[in-house]
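Shown next: work-v7.txt, given as compact mmCIF, C-alpha atoms and all ligand atoms.
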# COMPACT_ATOMS: atom_id res chain seq x y z
CA MET A 1 -123.96 -29.39 -94.53
CA TRP A 2 -124.66 -25.82 -95.58
CA THR A 3 -128.40 -26.00 -96.14
CA GLN A 4 -130.03 -23.11 -94.28
CA LYS A 5 -126.72 -22.08 -92.70
CA ARG A 6 -126.19 -18.30 -92.71
CA VAL A 7 -122.69 -17.35 -93.78
CA VAL A 8 -121.21 -13.86 -93.94
CA VAL A 9 -118.34 -13.56 -96.42
CA ALA A 10 -116.12 -10.54 -95.71
CA VAL A 11 -113.96 -9.59 -98.69
CA THR A 12 -110.88 -7.43 -98.14
CA GLY A 13 -108.57 -5.76 -100.64
CA GLY A 14 -106.33 -8.41 -102.14
CA ILE A 15 -106.08 -9.63 -105.72
CA ALA A 16 -107.51 -13.00 -104.63
CA ALA A 17 -110.85 -11.20 -104.10
CA TYR A 18 -111.93 -12.50 -107.51
CA LYS A 19 -111.51 -16.08 -106.24
CA THR A 20 -113.99 -15.36 -103.46
CA CYS A 21 -116.68 -15.29 -106.17
CA SER A 22 -116.29 -19.08 -106.47
CA LEU A 23 -116.58 -19.43 -102.70
CA VAL A 24 -119.82 -17.44 -102.60
CA SER A 25 -121.16 -19.37 -105.56
CA LYS A 26 -120.26 -22.74 -104.01
CA LEU A 27 -121.84 -21.84 -100.67
CA ARG A 28 -125.04 -20.82 -102.45
CA GLN A 29 -125.07 -24.05 -104.47
CA GLU A 30 -124.74 -26.00 -101.23
CA GLY A 31 -127.79 -24.27 -99.80
CA ALA A 32 -126.25 -21.57 -97.59
CA GLU A 33 -127.78 -18.13 -97.21
CA VAL A 34 -124.85 -15.85 -97.98
CA LYS A 35 -124.33 -12.19 -97.14
CA VAL A 36 -121.29 -10.32 -98.41
CA ALA A 37 -119.47 -7.41 -96.79
CA MET A 38 -116.58 -5.70 -98.57
CA THR A 39 -113.94 -3.19 -97.65
CA LYS A 40 -113.58 -0.15 -99.88
CA ASN A 41 -110.23 -1.48 -101.10
CA ALA A 42 -111.84 -4.80 -102.08
CA THR A 43 -114.20 -2.91 -104.40
CA SER A 44 -111.12 -1.74 -106.38
CA PHE A 45 -110.49 -5.40 -107.27
CA ILE A 46 -114.03 -6.56 -107.86
CA SER A 47 -117.36 -4.81 -108.00
CA PRO A 48 -120.05 -5.27 -105.32
CA GLU A 49 -122.50 -5.96 -108.18
CA CYS A 50 -120.61 -9.15 -108.95
CA PHE A 51 -121.14 -10.48 -105.42
CA GLU A 52 -124.70 -9.15 -105.42
CA ALA A 53 -125.45 -11.32 -108.45
CA LEU A 54 -123.82 -14.38 -106.89
CA ALA A 55 -125.23 -13.99 -103.38
CA ARG A 56 -128.60 -12.71 -104.65
CA THR A 57 -128.66 -10.09 -101.94
CA LYS A 58 -127.39 -6.62 -101.21
CA VAL A 59 -123.65 -6.28 -100.56
CA TYR A 60 -122.53 -4.24 -97.55
CA VAL A 61 -119.66 -1.78 -97.98
CA ASP A 62 -120.59 1.35 -96.10
CA LEU A 63 -120.59 1.70 -92.31
CA TRP A 64 -123.14 4.46 -92.61
CA GLY A 65 -126.35 2.75 -93.72
CA SER A 66 -129.97 3.45 -93.00
CA ALA A 67 -131.43 3.80 -89.51
CA GLU A 68 -133.47 0.54 -89.88
CA GLU A 69 -130.42 -1.62 -90.46
CA ILE A 70 -127.22 -1.75 -88.37
CA PRO A 71 -125.13 -4.17 -90.46
CA HIS A 72 -121.89 -3.74 -88.53
CA ILE A 73 -123.66 -5.31 -85.53
CA SER A 74 -126.26 -7.60 -87.10
CA LEU A 75 -124.12 -9.24 -89.79
CA GLY A 76 -121.68 -10.99 -87.45
CA GLN A 77 -124.29 -11.72 -84.80
CA GLU A 78 -127.11 -13.09 -86.91
CA CYS A 79 -125.20 -15.79 -88.77
CA ASP A 80 -123.61 -19.19 -88.20
CA LEU A 81 -120.16 -18.26 -89.51
CA VAL A 82 -118.10 -15.32 -90.73
CA VAL A 83 -115.33 -16.02 -93.24
CA VAL A 84 -112.82 -13.32 -94.19
CA ALA A 85 -111.56 -14.21 -97.66
CA PRO A 86 -109.15 -13.03 -98.77
CA ALA A 87 -107.85 -11.62 -95.50
CA THR A 88 -105.15 -9.00 -96.04
CA ALA A 89 -102.30 -8.28 -93.61
CA ASN A 90 -104.16 -5.08 -92.82
CA ILE A 91 -107.44 -6.73 -91.72
CA LEU A 92 -105.50 -9.29 -89.67
CA ALA A 93 -103.75 -6.43 -87.85
CA LYS A 94 -107.04 -4.63 -87.25
CA MET A 95 -108.69 -7.80 -85.97
CA ALA A 96 -105.78 -8.62 -83.67
CA HIS A 97 -105.73 -5.13 -82.16
CA GLY A 98 -109.41 -4.28 -82.09
CA ILE A 99 -109.33 -1.53 -84.69
CA ALA A 100 -112.76 -0.76 -86.09
CA ASP A 101 -112.61 1.92 -88.74
CA ASP A 102 -114.86 0.60 -91.50
CA LEU A 103 -117.79 -1.76 -91.93
CA VAL A 104 -115.80 -5.02 -92.16
CA SER A 105 -113.45 -4.35 -89.23
CA THR A 106 -116.32 -3.09 -87.05
CA MET A 107 -118.48 -6.08 -87.97
CA LEU A 108 -115.59 -8.41 -86.99
CA LEU A 109 -115.20 -6.68 -83.63
CA ALA A 110 -118.93 -7.14 -82.95
CA ALA A 111 -119.16 -10.70 -84.32
CA THR A 112 -120.36 -13.44 -82.00
CA ALA A 113 -120.36 -16.20 -84.66
CA PRO A 114 -117.21 -18.30 -85.24
CA VAL A 115 -114.71 -16.59 -87.55
CA VAL A 116 -112.49 -18.16 -90.21
CA VAL A 117 -109.77 -16.11 -91.93
CA VAL A 118 -108.22 -16.98 -95.28
CA PRO A 119 -105.06 -14.87 -95.54
CA SER A 120 -103.59 -14.31 -98.98
CA MET A 121 -100.68 -11.99 -99.69
CA ASN A 122 -97.10 -11.68 -100.91
CA ALA A 123 -94.81 -14.32 -99.33
CA VAL A 124 -92.57 -11.72 -97.64
CA MET A 125 -95.60 -10.05 -96.07
CA TRP A 126 -96.91 -13.46 -94.93
CA GLU A 127 -93.62 -14.30 -93.24
CA HIS A 128 -93.28 -10.87 -91.59
CA PRO A 129 -93.11 -11.25 -87.78
CA ALA A 130 -95.90 -8.68 -87.39
CA VAL A 131 -98.30 -10.72 -89.54
CA GLN A 132 -97.31 -13.98 -87.83
CA ALA A 133 -97.73 -12.40 -84.38
CA ASN A 134 -101.18 -11.11 -85.35
CA LEU A 135 -102.17 -14.55 -86.63
CA LYS A 136 -101.08 -16.08 -83.34
CA ILE A 137 -103.18 -13.60 -81.39
CA LEU A 138 -106.17 -14.45 -83.55
CA ALA A 139 -105.63 -18.23 -83.36
CA ASP A 140 -105.26 -18.04 -79.56
CA ARG A 141 -108.57 -16.18 -79.50
CA GLY A 142 -110.30 -19.02 -81.38
CA VAL A 143 -110.22 -17.61 -84.90
CA ARG A 144 -109.64 -20.41 -87.41
CA VAL A 145 -106.77 -19.59 -89.76
CA VAL A 146 -106.63 -21.29 -93.17
CA ASN A 147 -102.97 -21.06 -94.10
CA PRO A 148 -102.25 -19.96 -97.67
CA ASP A 149 -100.86 -22.34 -100.28
CA VAL A 150 -97.35 -22.23 -101.75
CA GLY A 151 -97.16 -21.33 -105.43
CA ASN A 152 -97.01 -18.51 -107.97
CA LEU A 153 -98.25 -15.20 -106.61
CA ALA A 154 -99.95 -12.38 -108.50
CA CYS A 155 -97.02 -10.06 -107.77
CA GLY A 156 -94.79 -12.21 -110.01
CA THR A 157 -92.94 -14.01 -107.22
CA SER A 158 -93.62 -17.41 -105.72
CA GLY A 159 -93.83 -18.70 -102.16
CA ARG A 160 -96.47 -19.12 -99.45
CA GLY A 161 -99.28 -16.67 -99.92
CA ARG A 162 -101.62 -18.12 -102.54
CA PHE A 163 -105.33 -18.24 -101.85
CA PRO A 164 -106.04 -21.91 -100.93
CA GLU A 165 -108.09 -24.35 -102.98
CA LEU A 166 -111.84 -23.99 -102.56
CA ASP A 167 -112.23 -27.51 -101.14
CA ARG A 168 -109.83 -26.78 -98.28
CA ILE A 169 -111.56 -23.50 -97.42
CA MET A 170 -114.94 -25.26 -97.43
CA ALA A 171 -113.54 -28.05 -95.22
CA GLU A 172 -112.08 -25.57 -92.70
CA MET A 173 -115.35 -23.64 -92.64
CA ALA A 174 -117.29 -26.86 -92.03
CA LYS A 175 -114.94 -27.71 -89.18
CA ALA A 176 -115.48 -24.28 -87.63
CA VAL A 177 -119.23 -24.94 -87.31
CA THR A 178 -119.04 -28.60 -86.25
CA VAL A 179 -118.96 -29.93 -82.68
CA GLN A 180 -115.44 -31.32 -82.15
CA SER A 181 -116.60 -34.69 -80.83
CA TYR A 182 -113.48 -36.48 -82.15
CA GLN A 183 -111.03 -33.96 -80.68
CA GLY A 184 -107.91 -35.81 -79.49
CA LYS A 185 -108.94 -39.03 -81.25
CA ARG A 186 -106.66 -40.75 -83.74
CA VAL A 187 -108.61 -42.22 -86.60
CA LEU A 188 -107.23 -44.74 -89.06
CA VAL A 189 -109.14 -45.34 -92.30
CA THR A 190 -108.35 -47.85 -95.04
CA ALA A 191 -109.82 -47.32 -98.48
CA GLY A 192 -109.67 -48.27 -102.13
CA PRO A 193 -108.81 -51.60 -103.72
CA THR A 194 -105.65 -53.63 -103.39
CA ARG A 195 -103.70 -54.85 -106.39
CA GLU A 196 -102.25 -58.32 -106.54
CA TYR A 197 -99.67 -58.57 -109.29
CA LEU A 198 -99.35 -61.57 -111.62
CA ASP A 199 -96.36 -60.11 -113.39
CA PRO A 200 -94.86 -56.61 -113.68
CA VAL A 201 -97.71 -55.36 -115.91
CA ARG A 202 -100.81 -57.30 -114.81
CA PHE A 203 -102.76 -57.54 -111.61
CA LEU A 204 -105.99 -58.75 -109.97
CA SER A 205 -108.08 -56.00 -108.40
CA ASN A 206 -111.60 -54.56 -108.09
CA PRO A 207 -113.28 -51.26 -109.01
CA SER A 208 -113.28 -49.71 -105.51
CA THR A 209 -112.80 -45.93 -105.78
CA GLY A 210 -111.81 -45.11 -102.20
CA LYS A 211 -114.67 -42.57 -102.02
CA MET A 212 -116.33 -44.10 -98.94
CA GLY A 213 -113.06 -44.10 -97.01
CA LEU A 214 -112.25 -40.55 -98.02
CA ALA A 215 -115.72 -39.40 -96.95
CA ILE A 216 -115.16 -40.99 -93.51
CA ALA A 217 -111.66 -39.51 -93.25
CA LYS A 218 -113.06 -36.04 -93.98
CA ALA A 219 -116.05 -36.43 -91.64
CA ALA A 220 -113.78 -37.53 -88.75
CA TRP A 221 -111.32 -34.68 -89.47
CA GLN A 222 -114.22 -32.22 -89.51
CA ARG A 223 -115.09 -33.47 -85.99
CA GLY A 224 -111.56 -32.80 -84.72
CA ALA A 225 -109.81 -36.16 -85.24
CA GLU A 226 -106.26 -36.61 -86.40
CA VAL A 227 -106.76 -38.81 -89.45
CA THR A 228 -104.55 -41.22 -91.37
CA LEU A 229 -105.81 -42.74 -94.61
CA ILE A 230 -104.21 -45.96 -95.86
CA LEU A 231 -105.20 -45.94 -99.52
CA GLY A 232 -104.91 -48.59 -102.19
CA PRO A 233 -104.29 -47.59 -105.82
CA CYS A 234 -107.16 -45.40 -107.09
CA GLU A 235 -107.83 -41.95 -108.54
CA THR A 236 -109.02 -40.45 -105.25
CA LYS A 237 -107.08 -37.29 -104.37
CA VAL A 238 -106.32 -37.01 -100.66
CA PRO A 239 -106.43 -33.48 -99.19
CA ASP A 240 -103.25 -32.45 -97.42
CA TYR A 241 -104.88 -32.14 -93.99
CA ILE A 242 -105.25 -35.94 -93.97
CA ASN A 243 -102.13 -38.09 -93.52
CA HIS A 244 -101.87 -40.32 -96.55
CA VAL A 245 -100.20 -43.73 -96.62
CA PRO A 246 -100.28 -45.22 -100.14
CA VAL A 247 -100.19 -49.01 -100.42
CA VAL A 248 -100.58 -51.46 -103.28
CA SER A 249 -101.21 -55.04 -102.11
CA ALA A 250 -103.22 -56.59 -99.27
CA GLU A 251 -99.99 -57.56 -97.54
CA GLU A 252 -98.75 -53.96 -97.68
CA MET A 253 -102.09 -52.78 -96.34
CA LEU A 254 -101.88 -55.28 -93.47
CA GLU A 255 -98.38 -54.07 -92.58
CA ALA A 256 -99.50 -50.42 -92.67
CA VAL A 257 -102.59 -51.11 -90.52
CA LEU A 258 -100.63 -53.06 -87.91
CA SER A 259 -97.91 -50.43 -87.72
CA HIS A 260 -100.50 -47.69 -87.02
CA LEU A 261 -102.84 -49.72 -84.82
CA ALA A 262 -101.22 -49.03 -81.44
CA ASN A 263 -101.71 -45.29 -82.02
CA THR A 264 -105.29 -45.59 -83.20
CA ASP A 265 -108.53 -44.97 -81.30
CA LEU A 266 -110.90 -45.79 -84.15
CA LEU A 267 -110.29 -47.93 -87.24
CA PHE A 268 -112.63 -47.72 -90.23
CA MET A 269 -111.80 -50.58 -92.58
CA THR A 270 -113.54 -49.53 -95.81
CA ALA A 271 -110.91 -51.02 -98.15
CA ALA A 272 -111.96 -53.66 -100.66
CA VAL A 273 -109.11 -55.99 -99.84
CA ALA A 274 -108.43 -58.76 -102.38
CA ASP A 275 -108.98 -62.11 -100.66
CA TYR A 276 -106.54 -63.90 -102.97
CA ARG A 277 -103.30 -63.15 -104.74
CA PRO A 278 -101.36 -65.10 -107.39
CA LYS A 279 -99.30 -67.84 -105.79
CA CYS A 280 -96.24 -66.61 -107.65
CA GLU A 281 -95.61 -63.19 -109.12
CA ALA A 282 -93.64 -63.67 -112.35
CA ALA A 283 -90.50 -61.56 -112.47
CA GLU A 284 -90.91 -60.99 -116.22
CA LYS A 285 -94.02 -60.25 -118.26
CA ILE A 286 -95.84 -63.53 -118.92
CA LYS A 287 -95.66 -64.25 -122.68
CA LYS A 288 -98.66 -65.59 -124.52
CA THR A 289 -98.49 -69.04 -126.04
CA GLN A 290 -100.63 -70.75 -128.69
CA SER A 291 -102.66 -72.66 -126.13
CA ASP A 292 -104.97 -71.55 -123.28
CA LEU A 293 -103.56 -70.44 -119.98
CA SER A 294 -105.60 -73.00 -118.12
CA THR A 295 -104.72 -72.43 -114.46
CA LEU A 296 -104.05 -69.34 -112.45
CA GLU A 297 -102.95 -70.46 -109.01
CA LEU A 298 -104.04 -68.22 -106.18
CA THR A 299 -103.28 -68.18 -102.49
CA ARG A 300 -105.25 -66.61 -99.61
CA ASN A 301 -104.37 -63.10 -98.55
CA PRO A 302 -104.32 -62.37 -94.82
CA ASP A 303 -107.63 -61.16 -93.37
CA ILE A 304 -106.59 -57.80 -91.96
CA LEU A 305 -109.53 -57.46 -89.57
CA LEU A 306 -108.92 -60.93 -88.11
CA GLN A 307 -105.32 -59.94 -87.42
CA VAL A 308 -106.52 -56.69 -85.85
CA LYS A 309 -108.96 -58.69 -83.70
CA ALA A 310 -106.04 -60.69 -82.27
CA VAL A 311 -104.07 -57.65 -81.08
CA ARG A 312 -106.58 -54.83 -80.54
CA ARG A 313 -107.19 -53.14 -77.20
CA PRO A 314 -110.80 -53.42 -75.93
CA GLU A 315 -111.27 -49.64 -75.85
CA GLN A 316 -110.41 -49.30 -79.53
CA ILE A 317 -113.41 -48.97 -81.85
CA ILE A 318 -113.18 -51.14 -84.96
CA VAL A 319 -115.59 -50.68 -87.85
CA GLY A 320 -115.87 -53.08 -90.78
CA PHE A 321 -117.63 -52.68 -94.10
CA ALA A 322 -119.25 -55.27 -96.30
CA ALA A 323 -120.58 -55.03 -99.82
CA GLU A 324 -122.92 -57.93 -100.49
CA THR A 325 -124.85 -59.18 -103.48
CA ALA A 326 -126.91 -61.79 -101.62
CA ALA A 327 -130.43 -61.11 -100.31
CA ASP A 328 -129.87 -61.59 -96.57
CA LEU A 329 -127.86 -58.42 -96.04
CA VAL A 330 -128.54 -58.08 -92.30
CA GLU A 331 -127.81 -61.75 -91.53
CA LEU A 332 -124.51 -61.64 -93.44
CA ALA A 333 -123.58 -58.40 -91.71
CA LYS A 334 -124.32 -59.86 -88.26
CA LYS A 335 -122.11 -62.87 -88.99
CA LYS A 336 -119.19 -60.67 -90.07
CA LEU A 337 -119.68 -58.38 -87.05
CA THR A 338 -119.17 -61.34 -84.73
CA ALA A 339 -116.59 -63.29 -86.74
CA LYS A 340 -114.31 -60.29 -87.16
CA GLY A 341 -114.73 -59.01 -83.60
CA LEU A 342 -116.09 -55.66 -84.80
CA ASP A 343 -117.81 -52.92 -82.84
CA TYR A 344 -119.78 -51.80 -85.89
CA ILE A 345 -120.36 -53.02 -89.41
CA VAL A 346 -121.71 -51.07 -92.35
CA ALA A 347 -123.18 -53.34 -95.01
CA ASN A 348 -124.57 -52.35 -98.35
CA ARG A 349 -126.00 -54.12 -101.31
CA VAL A 350 -124.03 -54.03 -104.54
CA HIS A 351 -125.73 -54.74 -107.82
CA LYS A 352 -124.24 -55.85 -111.06
CA THR A 353 -124.60 -52.29 -112.29
CA ASP A 354 -121.75 -51.45 -109.93
CA LYS A 355 -123.74 -49.11 -107.67
CA GLY A 356 -121.95 -48.83 -104.36
CA PHE A 357 -118.49 -49.21 -105.77
CA SER A 358 -118.08 -46.25 -108.08
CA SER A 359 -121.35 -44.39 -107.55
CA SER A 360 -121.54 -41.65 -104.93
CA VAL A 361 -124.87 -43.10 -103.77
CA GLN A 362 -125.06 -46.33 -101.77
CA SER A 363 -128.20 -48.38 -102.20
CA GLU A 364 -129.62 -50.21 -99.20
CA VAL A 365 -127.24 -49.68 -96.31
CA VAL A 366 -127.44 -51.05 -92.79
CA ILE A 367 -125.29 -50.06 -89.84
CA LEU A 368 -125.18 -52.64 -87.06
CA GLY A 369 -123.41 -52.24 -83.74
CA LYS A 370 -122.26 -54.78 -81.16
CA ASP A 371 -124.03 -52.39 -78.77
CA GLY A 372 -127.36 -52.99 -80.57
CA SER A 373 -127.19 -49.89 -82.79
CA TYR A 374 -129.21 -50.29 -85.97
CA ARG A 375 -129.74 -47.90 -88.85
CA HIS A 376 -131.18 -48.66 -92.25
CA TYR A 377 -131.12 -46.48 -95.36
CA GLN A 378 -132.87 -47.33 -98.61
CA GLU A 379 -130.44 -45.00 -100.39
CA ILE A 380 -127.83 -42.60 -99.03
CA ASN A 381 -124.86 -40.79 -100.49
CA LYS A 382 -121.41 -41.61 -99.18
CA GLU A 383 -120.84 -38.22 -97.53
CA GLU A 384 -124.13 -38.39 -95.62
CA LEU A 385 -123.39 -41.97 -94.61
CA ALA A 386 -119.96 -40.95 -93.32
CA HIS A 387 -121.43 -38.13 -91.21
CA SER A 388 -124.23 -40.32 -89.92
CA LEU A 389 -121.81 -43.11 -88.95
CA CYS A 390 -119.38 -40.74 -87.22
CA ASP A 391 -122.22 -39.15 -85.25
CA LEU A 392 -123.74 -42.49 -84.28
CA ILE A 393 -120.38 -43.71 -82.96
CA ALA A 394 -119.72 -40.43 -81.14
CA THR A 395 -123.10 -40.54 -79.40
CA ALA A 396 -123.02 -44.24 -78.55
CA ASN A 397 -119.49 -44.02 -77.13
CA GLN A 398 -119.76 -40.56 -75.56
CA LEU A 399 -116.80 -39.27 -77.54
N1 LIG B 1 -111.26 -57.37 -95.01
C1 LIG B 1 -110.02 -57.51 -94.43
N2 LIG B 1 -109.10 -58.36 -94.99
C2 LIG B 1 -109.42 -59.07 -96.08
C3 LIG B 1 -110.70 -58.95 -96.66
C4 LIG B 1 -111.59 -58.08 -96.09
O1 LIG B 1 -109.74 -56.89 -93.43
N3 LIG B 1 -108.52 -59.88 -96.60
C5 LIG B 1 -112.20 -56.43 -94.38
C6 LIG B 1 -112.79 -55.41 -95.32
O2 LIG B 1 -112.01 -54.24 -95.38
C7 LIG B 1 -114.15 -55.15 -94.69
C8 LIG B 1 -114.51 -56.47 -94.04
O3 LIG B 1 -113.29 -57.19 -93.92
O4 LIG B 1 -114.11 -54.17 -93.70
C9 LIG B 1 -115.47 -57.30 -94.82
O5 LIG B 1 -114.98 -57.50 -96.11
P1 LIG B 1 -115.70 -58.48 -97.14
O6 LIG B 1 -114.93 -58.51 -98.40
O7 LIG B 1 -117.15 -58.11 -97.19
O8 LIG B 1 -115.64 -59.82 -96.35
P2 LIG B 1 -114.68 -61.05 -96.42
O9 LIG B 1 -114.19 -61.29 -95.04
O10 LIG B 1 -113.66 -60.90 -97.48
O11 LIG B 1 -115.72 -62.21 -96.77
P3 LIG B 1 -116.40 -62.59 -98.18
O12 LIG B 1 -115.59 -61.92 -99.26
O13 LIG B 1 -116.30 -64.06 -98.18
O14 LIG B 1 -117.80 -62.07 -98.09
Rendering of file as structure tokens:
Amino acid sequence: MWTQKRVVVAVTGGIAAYKTCSLVSKLRQEGAEVKVAMTKNATSFISPECFEALARTKVYVDLWGSAEEIPHISLGQECDLVVVAPATANILAKMAHGIADDLVSTMLLAATAPVVVVPSMNAVMWEHPAVQANLKILADRGVRVVNPDVGNLACGTSGRGRFPELDRIMAEMAKAVTVQSYQGKRVLVTAGPTREYLDPVRFLSNPSTGKMGLAIAKAAWQRGAEVTLILGPCETKVPDYINHVPVVSAEEMLEAVLSHLANTDLLFMTAAVADYRPKCEAAEKIKKTQSDLSTLELTRNPDILLQVKAVRRPEQIIVGFAAETAADLVELAKKKLTAKGLDYIVANRVHKTDKGFSSSVQSEVVILGKDGSYRHYQEINKEELAHSLCDLIATANQL
């Protein structure tokens, strides 16, 4: 995502300035070319040398540089994105009212690249009508505002004002530089395993991690969609910008999917739904006996996609996933595409070593579309696959 992207990080004078070091470091690790501009007040919290070491380039503080370089103009015009982090109440006011009295504020007035602000301040300051009015002016002007988190604040109080988690800032920044092809679309994603209980302490399940579904949920959100993730029991942490519906069993997942379906434009069914469940769930823990437990009676779970097929609207886009161990991956995928009435299917090969389930890399993936779309990857990581799939669908359907 960030490889060869040019990002200007503007640091203003709040205590969270030290957290911006992690942001600069992360952007560099992800391949971005980072330039840092600081206000004089920011340098009271953290030294420019610190950012110089992290960004591996000169840090801009002074408006009055050399004649060869005009950073207050070039910085915000020769980059893909400007992020102001942390953004104080003061810089928000200057930005809203066009005040340009130092390098950072002047650079922001001259910037032509998209701008993201990450405000962080005392909760009373954050709630002040002046700050909120300035934020509204900025948002109306197209500046992307990453709202602060609620929690303990450096001033000893607690409330809304904390510098947000790095992942959320990175996600908002990615959104700011991505074409909003899914704007206005409602995307439903299922992910993770289902659990089918035998008794109160035992269940049948599979090792699905939910990572593929989360990657699709994030990729669709980044493209402007409103996203709901129906997630079976797994460790995956869902960011708060994605609506999260936790479920346990296949039947619960079916109910959740059907209740959201009418308000869905695209369904991505990545969940590894258990095909069978115990015929009876024992009310008490099953006690062991001296002899073998010779029979475990199972019954078929509903096929969620078949039920979707029966009630879907033709303009809805339904995407299935299939993890296969057999050799004829494409043939199996084609059969499922037709049988389940899908618009697209993403099939990948799973080996005994469990690649594909828990690994972040999928080995041998094919995407097939009812419209004739075909893509094949020998190996691809789940994030890249999610972006590729979202883009393919957007292009093929003129989203
Ligand atoms: N699926 C579903 N309901 C089920 C089982 C699977 O909706 N009870 C969905 C999965 O979420 C996936 C697609 O169907 O998108 C294919 O799942 P897969 O397990 O590969 O196929 P099955 O239909 O279960 O067939 P089989 O296990 O026999 O290969």
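If you look at atom CA of A:Asn243 and atom CA of A:Val227, they are 6.2 Å away from each other.
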- Within 10 Å of ligand LIG 1 (chain B), which residues show up when you count only C-alpha atoms and all ligand atoms? List them as a VMD selection string, please. chain A and resid 189 to 194 250 to 251 253 to 254 257 267 to 276 300 to 309 318 to 326 332 to 333 336 to 337 339 to 340 342 344 to 348
- Item | Nearest candidate to A:Arg186 (options A:Ser359, A:Asn263, A:Asn152, A:Thr57; using only C-alpha atoms) |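 Residue with the minimum atom-to-atom distance to A:Arg186: A:Asn263.
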List as a tab-separated table every residue of stretch 70-98 of chain A that is in contact with stretch 160-163 of chain A, defined as an atom at most 12 Å from one of its atoms (using only C-alpha atoms), together with the nearest atom pair and the distance in Å rounded to one decimal, sorted by chain and then rising number.
residue	atom	partner	partner_atom	distance
A:Val84	CA	A:Phe163	CA	11.8
A:Ala85	CA	A:Phe163	CA	8.5
A:Pro86	CA	A:Phe163	CA	7.2
A:Ala87	CA	A:Phe163	CA	9.5
A:Thr88	CA	A:Gly161	CA	10.4
A:Ala89	CA	A:Gly161	CA	10.9
- Message: The residues within 9 Å of (-120.5, -11.0, -86.7), using only C-alpha atoms and the coordinates of the file, should be reported as a ChimeraX atom specification; which are they?
- Response: /A:8,72-82,106-115
